[in-house]
Structures are given as C-alpha cells and as structure tokens.
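*Asks:* Pasting a structure below so you can have a look.
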Amino acid sequence: MTRATDVLVIGSGIAGCAAALAASRAGADVTVATKATAPADASTDWAQGGIAVTGADPESFRGDVLDASAGTADAGAIDVLVNDARDAVNDVLVDTLDVPFDGAAPGAPLAAYDRGREAAHSERRILHVNAATGSHILRPFLNHLRDRAGVTFLDDTMALDLLTHEGRVHGVSVLDDGVVEPVFAGTTVLATGGIGSCYETTTNPDGATGDGIAMAAFAGARIADMQYVQFHPTAYPGSDPFLLSEAVRGEGAVLRNAAGERFLPDVHEDAELAPRDVVARAVASERERTGSVQLDVSPVAPDFATAFPDLAALCADRGVDPADGIPVAPAEHYLCGGVAVDDRGRTTLDRLYAVGECARTGVHGANRLASTSLLEGLVWGLRAGESAADADDPEPIEAPDPLERDPDLPDAFAEAKYRRLRETMETAVGIERTRSGLDRARSALRRLKGEVDAYTRTRVSRSLYELRNAAVCGLLVARAASDAPSAGCHYVVTDADTDPTAAQRGDAC
Ligand SMILES: Cc1cc2nc3c(=O)[nH]c(=O)nc-3n(C[C@H](O)[C@H](O)[C@H](O)COP(=O)(O)OP(=O)(O)OC[C@H]3O[C@@H](n4cnc5c(N)ncnc54)[C@H](O)[C@@H]3O)c2cc1C
C-alpha cells in the first residue's frame with residue numbers, strides 16, 4: 001500500500017510537534033515520521049532551563065538576542081521570534097497543553113509566572129518547570145497530537161532521503177521495520193534536531209546525527225551558518241555526562257578554577273553571565289591552565305537542592321556532592337546554522353520546510369541566546385505547519401529502489417568511523433579553531449564521507465545512514481568554518497597562538 005499524506009513532518013521534538021499541530025488545525029491530514037522510540041530521543045525532552053518569553057520590554061529581548069549573537073543575527077528573524085513569543089506560548093503551552101510552569105496560577109498572565117534569568121539576558125524572562133522544562137512540554141504535546149489532534153505517528157521510522165523530481169520535494173523514503181518504502185506528501189517538514197553525535201562530548205541525546213540537514217544538502221537545498229556550533233560551558237564531564245543549566249549561574253552560582261579562584265570577572269564585565277561562547281572558551285582555557293573548573297553552587301538561595309532538585313538528583317546519581325563544587329567542562333550543545341529558511345520555515349526547495357534546530361532562521365546568528373531554542377522551534381513550527389497545510393495534494397513519483405545487496409556491517413565498522421569523525425571534529429572544528437587545522441579537517445572528513453558513501457550504495461541500515469549524515473554534517477561544518485571569518489562561537493585563532501609548529505606539521509586530524 002502506498003503511503004501518502006498532505007503534510008509529512010520528520011521528527012517529534014518541539015519543532016515537529018508545533019508544525020504538526022498547526023497543520024492539523026488548518027485541516028490537513030498530518031503524518032509524523034520519527035526515529036524516536038521514546039520522548040527522550042529528542043533534545044526537547046532534555047531541555048532544562050526553560051523557554052524565554054517576551055516580557056514588558058520587547059526591545060530589551062530584541063537587544064539581548066542581537067548582542068548574544070555578536071551583532072550578527074537577522075533583525076527580521078528576531079522580530080518574528082519576539083513578536084510571536086507570547087501568543088505562541090499562551091496558545092500552545094498554556095491553553096492547549098496546560099504545562100505546569102513554576103508560579104503559574106489558573107488564569108494568571110505570563111507576567112505573573114516565576115521567570116528565571118540566564119546568561120546574556122538583561123531581565124528575568126524564562127518560564128520553567130523546575131530544571132526539567134523540556135519533558136513537561138514534550139510529553140503532553142505528543143499525547144495531545146496522538147489522542148486529540150488526529151495526527152498519525154510512524155514511530156521508530158527513520159527518514160533516509162528526500163524524494164525529489166524536477167526540483168520539487170514529494171516526500172521521503174523511510175526505513176520502517178527493516179523495509180525501505182516511500183511516504184509521499186504534499187509538503188514535507190524537516191524537524192530532525194541537531195548534530196551532537198559529530199562530537200566526542202555533547203549534551204545531545206544519541207541520534208542527533210544531523211539527518212535532515214544531510215538529506216536537504218543531498219537534495220540541493222541551501223545550507224547556511226554551519227560554522228556556528230555552540231558549546232555549553234557547564235556540562236558534567238564524567239562518563240555519564242549531563243548539563244548544568246545556565247539557570248544555575250542565573251541564580252548566583254559562580255565558576256572557580258582548580259585553585260578556587262573566580263576567573264570570569266577578568267574575562268567579561270558580565271562574568272558568569274557573559275554570552276555562552278565567551279564563558280565556554282574561558283572554562284576550556286582555565287581547565288587547560290589549572291586542571292579543573294568547578295561550579296560553586298553555594299550562593300544559590302535558599303540552597304541548590306531546593307532550587308534545582310532535578311539537578312541535585314543527577315549529582316547524587318553520580319556521587320557528586322554539590323557542596324564540594326560540581327566539576328564542569330564545555331560540551332557541544334547546539335547548532336545555530338542548518339537548512340536555510342525564511343520567516344515561515346520555507347527552504348529553497350519547492351514544498352520543503354525546515355524548523356527547529358535543523359533550520360537556520362537567522363535568529364541566532366553566530367551565537368544563540370540561552371533558552372531561545374525551544375521558543376524558536378515553537379514559533380517557526382507553528383508558522384511552517386500553517387503554511388505547509390496550504391499545499392497541493394501529494395503526488396506519488398517513481399521512488400528510487402535502494403540496493404540491499406550486501407549484509408549489514410559489523411558494529412565495529414561504525415564505531416571506528418565515528419571515532420575518526422569525532423576526534424577530527426573535537427580537535428580541529430571545536431571550541432577554538434585554526435585555519436590550518438580546519439584545512440586538514442576538511443580533507444580528513446572528505447575522505448571519511450567518501451568511504452561511508454561507498455557503503456550506502458549497497459546497504460541500508462539506520463546506523464549506516466546516521467553515520468553518513470553525521471559525516472556529511474561534519475564536512476559541512478568544517479567547510480563553512482574554513483571560509484568564514486571568526487565570529488561568535490566560530491572562534492578562529494592564528495596558528496601561532498596555539499602551537500607554532502602546527503602549520504608546518506600538516507599531520508592528519
Ligand atoms: C541537555 C539540553 C538542555 C537544553 N536546555 C534548553 C533550554 O532550557 N531551553 C532551550 O530553549 N533550549 C534548550 N536546549 C536546546 C533545545 O532543547 C533544542 O535545541 C530543541 O529542543 C530542538 O528541538 P527540535 O524539535 O528541533 O529537535 P529535537 O527535540 O532534537 O527533535 C528531533 C526529532 O527528530 C527525530 N529525528 C531525527 N532524525 C530523524 C530521521 N532521519 N527520521 C525520523 N526522525 C528523525 C528525533 O528522533 C527527534 O524526535 C537544550 C538542549 C539539550 C540537549
């Protein structure tokens with residue numbers, strides 16, 4: 001049986017859910033194909049600090065987004081985010097999903113809710129549920145779409161490639177229960193999240209392999225700003241890492257080096273609340289100089305465990321006593337670039353939209369302001385879903401037949417390739433980059449992508465396609481970074497600043 005739907009959404013995080021909701025409200029037949037088998041497979045479910053919302057002074061929100069981006073964010077995109085924020089949050093999160101935000105009283109305006117503060121925000125504007133906001137949004141969202149909005153879900157189903165004909169997108173091929181088949185759609189919305197799996201250390205869940213970006217790139221869509229990979233300054237660096245939300249610093253926690261000294265007041269006037277890229281680089285350099293950095297939570301009132309019970313529980317699970325300071329290190333966290341879209345999530349390909357972390361709206365420019373990602377996914381998801389619903393009927397086309405000639409590759413194959421990818425990304429395309437390192441990374445990643453591509457010609461498996469997509473995204477980041485001037489979280493130092501012999505060595509990454 002041929003599967004066809006008006007609107008096909010790929011991914012079930014906040015952006016995909018918002019697109020599905022808006023399209024179904026507009027009367028479309030909506031299908032969500034997601035490789036997730038549980039909510040926790042989406043970054044949305046892991047979001048901690050909360051969702052920023054426009055307060056009494058929209059100008060200050062606009063200014064904060066622009067300042068955090070080092071002046072590079074797109075003014076039109078910031079207007080969309082700031083102007084739509086309150087209505088989107090009220091309509092979807094409060095009225096439709098009844099998210100139990102801290103301090104919310106029935107019927108009270110958002111202004112009366114408890115609002116947290118995070119780095120580079122000049123006022124308290126972040127709505128939160130404890131430090132586990134994402135799961136309190138995503139789980140009711142998924143239930144609402146399944147039970148009340150009539151959206152069809154294809155769970156545990158991975159989109160492999162876009163189906164295109166004469167520059168128009170007609171749906172995707174999916175891998176469902178080991179079988180590859182087409183799903184045709186009037187419009188297709190990519191909402192596949194970030195690229196954390198390209199790096200050795202990341203805050204993202206497994207499966208953040210940049211699938212939508214790679215699929216769009218293969219089909220010829222414009223991809224932009226891939227050099228802007230954001231590293232979060234405060235991830236617990238043990239074998240079972242977790243994020244320590246910026247909200248903790250927003251409530252007074254400070255960073256100390258191995259000698260117990262604060263170092264951020266010497267780096268930036270906003271100290272621990274400086275933009276994320278500034279704090280991440282300072283933490284990395286202080287770790288290198290003194291051996292470790294700790295998050296000192298003693299200033300948090302009334303105390304850390306009361307203010308952040310979820311984070312206190314994560315510390316307890318790892319045997320960390322917050323009273324001794326919590327060890328932290330930077331980790332890959334968020335991709336500011338992605339599939340280039342307009343103010344309604346339209347890509348450069350006919351009938352293809354992209355929303356959420358896989359999209360480049362321009363709102364983050366070179367560096368994202370904390371807690372604006374959930375909001376961006378919600379706002380653009382709603383806009384894209386509404387527009388996507390207004391499309392022609394699905395048109396089945398002849399879908400390419402994948403060649404499944406050869407048996408699956410052993411796990412060790414993917415592990416070895418990932419190791420090469422991640423080492424290259426971490427050392428040469430990480431928090432601090434040099435031009436010569438980027439050039440070497442480009443060559444190494446081009447070779448890696450070529451090797452993986454060769455295997456995808458005769459084999460289809462989830463792990464192989466994820467590896468292909470991660471390798472493509474790694475190469476897109478390295479390529480964009482080689483050509484772009486230093487800005488925000490794309491931080492390029494001269495070779496002489498790091499290792500005077502590096503430029504001459506030419507060793508492979
Ligand atoms: C630990 C952590 C804390 C964070 N805290 C905050 C915060 O407090 N505030 C904030 O604003 N942001 C925060 N962020 C960032 C934010 O959570 C994400 O950027 C945002 O949730 C991304 O939403 P999304 O819908 O674009 O993608 P995701 O939520 O990542 O969803 C992507 C979906 O696509 C599916 N998928 C991927 N590839 C395929 C494919 N090929 N086929 C089918 N399905 C596919 C995945 O399974 C998943 O369901 C945090 C991120 C992390 C990791």
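In the structure tokens, each chain is lettered A, B, ... as it comes, each chain's residues begin at 1, and ligands are numbered from 1 in order of appearance.
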Sorted by chain and rising residue number, list the residues of range 330-388 of chain A at most 9 Å from range 208-230 of chain A (counting only C-alpha atoms), each with its closest atom pair and distance in Å to one decimal, as a Markdown table.

*Replies:*
| residue | atom | partner | partner_atom | distance |
| --- | --- | --- | --- | --- |
| A:Ala331 | CA | A:Gln230 | CA | 8.5 |
| A:Glu332 | CA | A:Gln230 | CA | 6.2 |
| A:His333 | CA | A:Gln230 | CA | 5.7 |
| A:Tyr334 | CA | A:Gln230 | CA | 5.0 |
| A:Leu335 | CA | A:Val229 | CA | 4.7 |
| A:Cys336 | CA | A:Tyr228 | CA | 5.5 |
| A:Gly337 | CA | A:Asp225 | CA | 4.2 |
| A:Gly338 | CA | A:Ile223 | CA | 5.5 |
| A:Val339 | CA | A:Ile223 | CA | 4.5 |
| A:Ala340 | CA | A:Ile223 | CA | 5.2 |
| A:Val341 | CA | A:Arg222 | CA | 8.5 |
| A:Thr347 | CA | A:Ala221 | CA | 6.8 |
| A:Thr348 | CA | A:Ala221 | CA | 5.5 |
| A:Leu349 | CA | A:Ala221 | CA | 5.8 |
| A:Leu352 | CA | A:Ala216 | CA | 8.8 |
| A:Ala354 | CA | A:Gly212 | CA | 8.2 |
| A:Cys358 | CA | A:Ile213 | CA | 6.1 |
| A:Ala359 | CA | A:Ile213 | CA | 7.9 |
| A:Arg360 | CA | A:Ala224 | CA | 6.5 |
| A:Gly362 | CA | A:Asp225 | CA | 8.6 |
| A:Gly365 | CA | A:Asp225 | CA | 7.7 |
| A:Ala366 | CA | A:Tyr228 | CA | 5.5 |
| A:Asn367 | CA | A:Gln230 | CA | 6.7 |
| A:Arg368 | CA | A:Gln230 | CA | 7.5 |

*Asks:* Print the selection's residues with N, CA and C atoms to a file, as a PDB file, in the first residue's frame.

*Replies:*
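To be explicit, this is the file written out as out_13.pdb:
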ATOM      1  N   ALA A 331      30.861  21.330  26.369  1.00  0.00           N
ATOM      2  CA  ALA A 331      30.466  20.210  25.501  1.00  0.00           C
ATOM      3  C   ALA A 331      29.616  20.762  24.366  1.00  0.00           C
ATOM      4  N   GLU A 332      29.714  20.112  23.205  1.00  0.00           N
ATOM      5  CA  GLU A 332      28.882  20.549  22.065  1.00  0.00           C
ATOM      6  C   GLU A 332      27.428  20.536  22.502  1.00  0.00           C
ATOM      7  N   HIS A 333      26.674  21.567  22.095  1.00  0.00           N
ATOM      8  CA  HIS A 333      25.322  21.705  22.645  1.00  0.00           C
ATOM      9  C   HIS A 333      24.273  22.014  21.590  1.00  0.00           C
ATOM     10  N   TYR A 334      24.609  22.876  20.632  1.00  0.00           N
ATOM     11  CA  TYR A 334      23.557  23.402  19.751  1.00  0.00           C
ATOM     12  C   TYR A 334      24.164  23.883  18.438  1.00  0.00           C
ATOM     13  N   LEU A 335      23.451  23.645  17.340  1.00  0.00           N
ATOM     14  CA  LEU A 335      23.897  24.144  16.031  1.00  0.00           C
ATOM     15  C   LEU A 335      23.054  25.358  15.655  1.00  0.00           C
ATOM     16  N   CYS A 336      23.719  26.518  15.483  1.00  0.00           N
ATOM     17  CA  CYS A 336      22.969  27.738  15.125  1.00  0.00           C
ATOM     18  C   CYS A 336      22.596  27.748  13.644  1.00  0.00           C
ATOM     19  N   GLY A 337      23.403  27.086  12.802  1.00  0.00           N
ATOM     20  CA  GLY A 337      23.112  27.055  11.371  1.00  0.00           C
ATOM     21  C   GLY A 337      22.242  25.865  11.006  1.00  0.00           C
ATOM     22  N   GLY A 338      22.129  25.590   9.704  1.00  0.00           N
ATOM     23  CA  GLY A 338      21.324  24.458   9.252  1.00  0.00           C
ATOM     24  C   GLY A 338      20.727  24.735   7.886  1.00  0.00           C
ATOM     25  N   VAL A 339      19.540  24.172   7.654  1.00  0.00           N
ATOM     26  CA  VAL A 339      18.866  24.359   6.363  1.00  0.00           C
ATOM     27  C   VAL A 339      18.307  25.790   6.339  1.00  0.00           C
ATOM     28  N   ALA A 340      18.722  26.552   5.330  1.00  0.00           N
ATOM     29  CA  ALA A 340      18.315  27.971   5.293  1.00  0.00           C
ATOM     30  C   ALA A 340      16.815  28.083   5.020  1.00  0.00           C
ATOM     31  N   VAL A 341      16.128  28.867   5.868  1.00  0.00           N
ATOM     32  CA  VAL A 341      14.668  29.028   5.719  1.00  0.00           C
ATOM     33  C   VAL A 341      14.282  30.501   5.846  1.00  0.00           C
ATOM     34  N   THR A 347      12.222  26.324   2.791  1.00  0.00           N
ATOM     35  CA  THR A 347      13.600  26.172   2.327  1.00  0.00           C
ATOM     36  C   THR A 347      13.685  26.660   0.883  1.00  0.00           C
ATOM     37  N   THR A 348      14.849  26.477   0.261  1.00  0.00           N
ATOM     38  CA  THR A 348      14.982  26.891  -1.140  1.00  0.00           C
ATOM     39  C   THR A 348      14.419  25.836  -2.100  1.00  0.00           C
ATOM     40  N   LEU A 349      13.945  24.688  -1.588  1.00  0.00           N
ATOM     41  CA  LEU A 349      13.335  23.678  -2.457  1.00  0.00           C
ATOM     42  C   LEU A 349      11.814  23.759  -2.348  1.00  0.00           C
ATOM     43  N   LEU A 352       9.360  22.007   0.487  1.00  0.00           N
ATOM     44  CA  LEU A 352      10.165  21.526   1.622  1.00  0.00           C
ATOM     45  C   LEU A 352      10.318  22.642   2.656  1.00  0.00           C
ATOM     46  N   ALA A 354      11.773  23.501   6.829  1.00  0.00           N
ATOM     47  CA  ALA A 354      12.644  23.003   7.909  1.00  0.00           C
ATOM     48  C   ALA A 354      12.423  23.884   9.135  1.00  0.00           C
ATOM     49  N   CYS A 358      17.404  21.994  13.219  1.00  0.00           N
ATOM     50  CA  CYS A 358      17.987  21.663  11.909  1.00  0.00           C
ATOM     51  C   CYS A 358      17.871  22.833  10.934  1.00  0.00           C
ATOM     52  N   ALA A 359      17.134  23.876  11.310  1.00  0.00           N
ATOM     53  CA  ALA A 359      16.924  25.004  10.396  1.00  0.00           C
ATOM     54  C   ALA A 359      17.804  26.183  10.775  1.00  0.00           C
ATOM     55  N   ARG A 360      18.115  26.979   9.778  1.00  0.00           N
ATOM     56  CA  ARG A 360      18.831  28.232  10.028  1.00  0.00           C
ATOM     57  C   ARG A 360      17.846  29.362   9.699  1.00  0.00           C
ATOM     58  N   GLY A 362      18.224  32.416  11.083  1.00  0.00           N
ATOM     59  CA  GLY A 362      18.957  33.675  11.194  1.00  0.00           C
ATOM     60  C   GLY A 362      18.793  34.315  12.567  1.00  0.00           C
ATOM     61  N   GLY A 365      22.201  33.951  14.567  1.00  0.00           N
ATOM     62  CA  GLY A 365      23.450  34.451  14.010  1.00  0.00           C
ATOM     63  C   GLY A 365      24.600  33.564  14.437  1.00  0.00           C
ATOM     64  N   ALA A 366      25.644  34.195  14.972  1.00  0.00           N
ATOM     65  CA  ALA A 366      26.863  33.454  15.302  1.00  0.00           C
ATOM     66  C   ALA A 366      26.833  32.845  16.701  1.00  0.00           C
ATOM     67  N   ASN A 367      25.795  33.109  17.469  1.00  0.00           N
ATOM     68  CA  ASN A 367      25.746  32.560  18.832  1.00  0.00           C
ATOM     69  C   ASN A 367      24.329  32.714  19.384  1.00  0.00           C
ATOM     70  N   ARG A 368      23.802  31.631  19.960  1.00  0.00           N
ATOM     71  CA  ARG A 368      22.411  31.644  20.425  1.00  0.00           C
ATOM     72  C   ARG A 368      22.296  32.155  21.863  1.00  0.00           C
TER      73      ARG A 368
END

*Asks:* Please run DSSP on the backbone and report, as a PyMOL selection string, all residues within range 222-463 of chain A that come out as helix (DSSP H, G or I).

*Replies:* chain A and resi 246-250+264-266+271-273+276-290+304-307+309-317+322-324+356-358+373-389+411-428+435-456+462-463

*Asks:* Would you work out the distance separating CA of Ala274 in chain A from CA of Gly63 in chain A, expressed in Å to one decimal?

*Replies:*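 Going from CA of Ala274 in chain A over to CA of Gly63 in chain A, I get 14.3 Å.
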
*Asks:* Within 7 Å of Ala247 in chain A, counting only C-alpha atoms, which residues qualify if same-chain residues fewer than 5 places away don't, as a list of chain:residue names?

*Replies:*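 Here the answer would be A:Gly49, A:Gly116, A:Arg117, A:Glu118.
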
*Asks:* Go ahead and write the selection's residues with N, CA, C and O atoms as a JSON list (two decimals), in the first residue's frame.

*Replies:*
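Final output, saved to part-v3.json:
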[["chain", "number", "residue", "atom", "x", "y", "z"],
["A", 49, "GLY", "N", 16.59, 24.60, 31.42],
["A", 49, "GLY", "CA", 16.37, 25.95, 31.98],
["A", 49, "GLY", "C", 15.02, 26.53, 31.68],
["A", 49, "GLY", "O", 14.40, 27.17, 32.52],
["A", 116, "GLY", "N", 12.88, 32.84, 35.29],
["A", 116, "GLY", "CA", 14.30, 32.69, 35.63],
["A", 116, "GLY", "C", 15.16, 33.61, 34.79],
["A", 116, "GLY", "O", 14.71, 34.20, 33.80],
["A", 117, "ARG", "N", 16.44, 33.70, 35.20],
["A", 117, "ARG", "CA", 17.39, 34.51, 34.45],
["A", 117, "ARG", "C", 18.53, 33.61, 33.98],
["A", 117, "ARG", "O", 18.92, 32.69, 34.70],
["A", 118, "GLU", "N", 19.03, 33.85, 32.80],
["A", 118, "GLU", "CA", 20.18, 33.09, 32.31],
["A", 118, "GLU", "C", 21.17, 34.04, 31.67],
["A", 118, "GLU", "O", 20.89, 35.25, 31.51]]

*Asks:* So which residues touch Ala75 in chain A within 9 Å, counting only C-alpha atoms, skipping near sequence neighbours fewer than 2 positions away, as a list in words?

*Replies:*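 Here the qualifying residues turn out to be Arg62, Leu66, Thr72, Ala73, Ala77, Ile78, Asp79, Val80, Gly362 and Val363 of chain A.
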
*Asks:* Restricting it to N, CA, C and O atoms, dump the selection as a short mmCIF file (atom, residue, chain, number, x, y, z; two decimals), in the first residue's frame.

*Replies:*
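That gives us result.cif:
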data_model
loop_
_atom_site.label_atom_id
_atom_site.label_comp_id
_atom_site.auth_asym_id
_atom_site.auth_seq_id
_atom_site.Cartn_x
_atom_site.Cartn_y
_atom_site.Cartn_z
N ARG A 62 14.84 41.90 22.09
CA ARG A 62 15.49 42.04 20.77
C ARG A 62 16.99 42.32 20.94
O ARG A 62 17.83 41.70 20.32
N LEU A 66 20.33 39.99 19.83
CA LEU A 66 21.31 40.55 18.90
C LEU A 66 22.70 40.62 19.55
O LEU A 66 23.71 40.25 18.93
N THR A 72 25.29 39.64 14.82
CA THR A 72 25.17 39.01 13.51
C THR A 72 23.77 38.45 13.22
O THR A 72 23.51 38.01 12.09
N ALA A 73 22.90 38.41 14.23
CA ALA A 73 21.57 37.80 13.99
C ALA A 73 20.77 38.68 13.03
O ALA A 73 21.01 39.88 12.91
N ALA A 77 14.30 38.14 11.55
CA ALA A 77 14.04 36.90 12.27
C ALA A 77 13.84 37.18 13.77
O ALA A 77 12.97 36.58 14.41
N ILE A 78 14.62 38.11 14.30
CA ILE A 78 14.44 38.44 15.73
C ILE A 78 13.03 39.01 15.95
O ILE A 78 12.36 38.67 16.93
N ASP A 79 12.56 39.84 15.03
CA ASP A 79 11.21 40.40 15.16
C ASP A 79 10.16 39.29 15.21
O ASP A 79 9.24 39.33 16.02
N VAL A 80 10.32 38.30 14.32
CA VAL A 80 9.36 37.18 14.31
C VAL A 80 9.35 36.51 15.68
O VAL A 80 8.29 36.26 16.28
N GLY A 362 18.22 32.42 11.08
CA GLY A 362 18.96 33.67 11.19
C GLY A 362 18.79 34.32 12.57
O GLY A 362 19.45 35.30 12.88
N VAL A 363 17.94 33.73 13.41
CA VAL A 363 17.66 34.37 14.69
C VAL A 363 18.85 34.28 15.65
O VAL A 363 19.01 35.12 16.53
#

*Asks:* Hey, what's within 8 Å of Glu426 in chain A if we count only C-alpha atoms and toss same-chain stuff fewer than 5 positions away? As a ChimeraX atom specification, please?

*Replies:* /A:199-200,431

*Asks:* Report as a list in words all protein, DNA and RNA residues lying within 8 Å of Ala112 in chain A, evaluated on only C-alpha atoms, omitting residues in the same chain fewer than 4 positions from it.

*Replies:*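 The filter keeps Gly103, Ala104 and Ala108 of chain A.
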
*Asks:* Using the selection just defined, write its residues with all heavy atoms as a PDB file, in the first residue's frame.

*Replies:*
ATOM      1  N   GLY A 103       5.117  28.740  39.339  1.00  0.00           N
ATOM      2  CA  GLY A 103       4.494  30.032  39.678  1.00  0.00           C
ATOM      3  C   GLY A 103       3.228  30.313  38.909  1.00  0.00           C
ATOM      4  O   GLY A 103       2.625  31.381  39.067  1.00  0.00           O
ATOM      5  N   ALA A 104       2.777  29.344  38.071  1.00  0.00           N
ATOM      6  CA  ALA A 104       1.563  29.596  37.281  1.00  0.00           C
ATOM      7  C   ALA A 104       0.331  29.410  38.148  1.00  0.00           C
ATOM      8  O   ALA A 104       0.228  28.438  38.876  1.00  0.00           O
ATOM      9  CB  ALA A 104       1.504  28.628  36.109  1.00  0.00           C
ATOM     10  N   ALA A 108      -3.831  33.351  35.411  1.00  0.00           N
ATOM     11  CA  ALA A 108      -2.866  34.453  35.616  1.00  0.00           C
ATOM     12  C   ALA A 108      -2.119  34.731  34.305  1.00  0.00           C
ATOM     13  O   ALA A 108      -1.869  33.813  33.529  1.00  0.00           O
ATOM     14  CB  ALA A 108      -1.878  34.083  36.702  1.00  0.00           C
TER      15      ALA A 108
END

*Asks:* Which residues in range 343-409 of chain A does DSSP call strand (DSSP E or B)? List them as a PyMOL selection string.

*Replies:* chain A and resi 346+350+352-354+359-360

*Asks:* Write to file, as a PDB file, in the first residue's frame, the residues of the selection just made, with C-alpha atoms.

*Replies:*
ATOM      1  CA  ARG A 346      10.336  27.563   3.713  1.00  0.00           C
ATOM      2  CA  ASP A 350       9.706  23.642  -3.533  1.00  0.00           C
ATOM      3  CA  LEU A 352      10.165  21.526   1.622  1.00  0.00           C
ATOM      4  CA  TYR A 353      10.161  23.239   5.039  1.00  0.00           C
ATOM      5  CA  ALA A 354      12.644  23.003   7.909  1.00  0.00           C
ATOM      6  CA  ALA A 359      16.924  25.004  10.396  1.00  0.00           C
ATOM      7  CA  ARG A 360      18.831  28.232  10.028  1.00  0.00           C
TER       8      ARG A 360
END

*Asks:* Can you tell me which residues surround His232 in chain A at a distance of at most 12 Å, considering only C-alpha atoms, apart from same-chain residues fewer than 5 positions away, and format the answer as number ranges by chain?

*Replies:* A: 119, 196, 201-204, 237, 242-246, 275-284, 328-335, 367-370, 430-431, 489

*Asks:* Taking only C-alpha atoms and all ligand atoms into account, name the residue in A:Thr31, A:Ser197, A:Thr458, A:Ser43 that is nearest to ligand 1.

*Replies:* A:Ser43

*Asks:* Using only C-alpha atoms and all ligand atoms, find the one residue out of A:Gly50, A:Gly437, A:Pro233, A:Gly107 that sits nearest to ligand 1.

*Replies:*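 The closest residue to ligand 1 is A:Gly50.
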
*Asks:* Would you compute the distance between CA of Val429 in chain A and CA of Val493 in chain A? Give it in Å to one decimal.

*Replies:*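 Those two atoms sit 11.9 Å apart.
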
*Asks:* What gap, in Å, lies between CA of Asp102 in chain A and CA of Ala312 in chain A?

*Replies:* 17.7 Å

*Asks:* With distances taken over only C-alpha atoms, which of A:Thr456, A:Ser69, A:Thr37, A:Ser443 is nearest to Ala487 in chain A?

*Replies:* A:Ser69

*Asks:* With only C-alpha atoms and all ligand atoms as the basis for distance, which of A:Pro241, A:Gly55, A:Pro410, A:Pro396 is at the shortest distance from ligand 1?

*Replies:*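 Using only C-alpha atoms and all ligand atoms, ligand 1 sits closest to A:Pro241.
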